[in-house]
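*Asks:* Here you go, one structure.
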Amino acid sequence: GKLDYRPLAITLRERGKVVGILTGYTVWGWLFIDTLWVSEKQRGKGMGKRLIEKAETEARKRGAQGAYLYSYSFQAPGFYRKLGYREFGKLNDFPKGHSCHWLTKAL
């Protein structure tokens with residue numbers, strides 16, 4: 001099929017200051033979320049969820065049927081599960097003592 005690669009970058013600002021960023025891309029009918037960052041002061045206020053929702057909405061507009069990402073055990077796999085993502089792969093001891101979780105969600 002057609003490659004149709006398109007980068008995606010979303011920022012959230014508060015009083016002109018960047019407090020959240022999501023980067024990724026759409027390709028072959030899928031959204032890949034590469035980076036999600038929310039400033040420490042803003043965590044727990046729903047900003048991460050807002051960024052994911054904005055990315056998913058844009059991906060749907062682009063014709064994406066699903067989304068995927070990875071998160072380390074010391075990061076936020078539980079956060080993504082709460083948003084409807086399910087694990088489809090896991091690398092143990094990557095890095096040593098931790099694991100890398102691959103998650104997906106139908107859009």
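Chains: A, B, ... in order of the structure tokens. Residues: from 1 per chain. Ligands: from 1, in order shown.
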Can you list, as a PyMOL selection string, all residues belonging to chain A that DSSP tags as strand (DSSP E)?

*Replies:* chain A and resi 6-14+17-27+30-38+66-72+86-92+99-106

*Asks:* From chain A, collect each residue whose DSSP state is alpha helix (DSSP H) and return the set as a ChimeraX atom specification.

*Replies:* /A:47-61,77-82

*Asks:* Could you name the residues that touch region 27-37 of chain A at 7 Å or less, counting only C-alpha atoms, but leaving out those on the same chain fewer than 5 positions away, as a PyMOL selection string?

*Replies:* chain A and resi 2-6+20-22+59+63-69

*Asks:* Counting only C-alpha atoms, figure out which residue out of A:Asp93, A:Thr26, A:Val18, A:Ser71 gets nearest to Thr57 (chain A).

*Replies:*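 With only C-alpha atoms as the atom set, the closest residue is A:Thr26.
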
*Asks:* Please identify all polymer residues within 8 Å of Ile10 (chain A), counting only C-alpha atoms, omitting same-chain residues fewer than 2 positions from it, and present them as a list of chain:residue names.

*Replies:*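 The residues that qualify are A:Leu8, A:Leu12, A:Ile21, A:Leu22, A:Thr23, A:Leu51, A:Lys54, A:Ala55.
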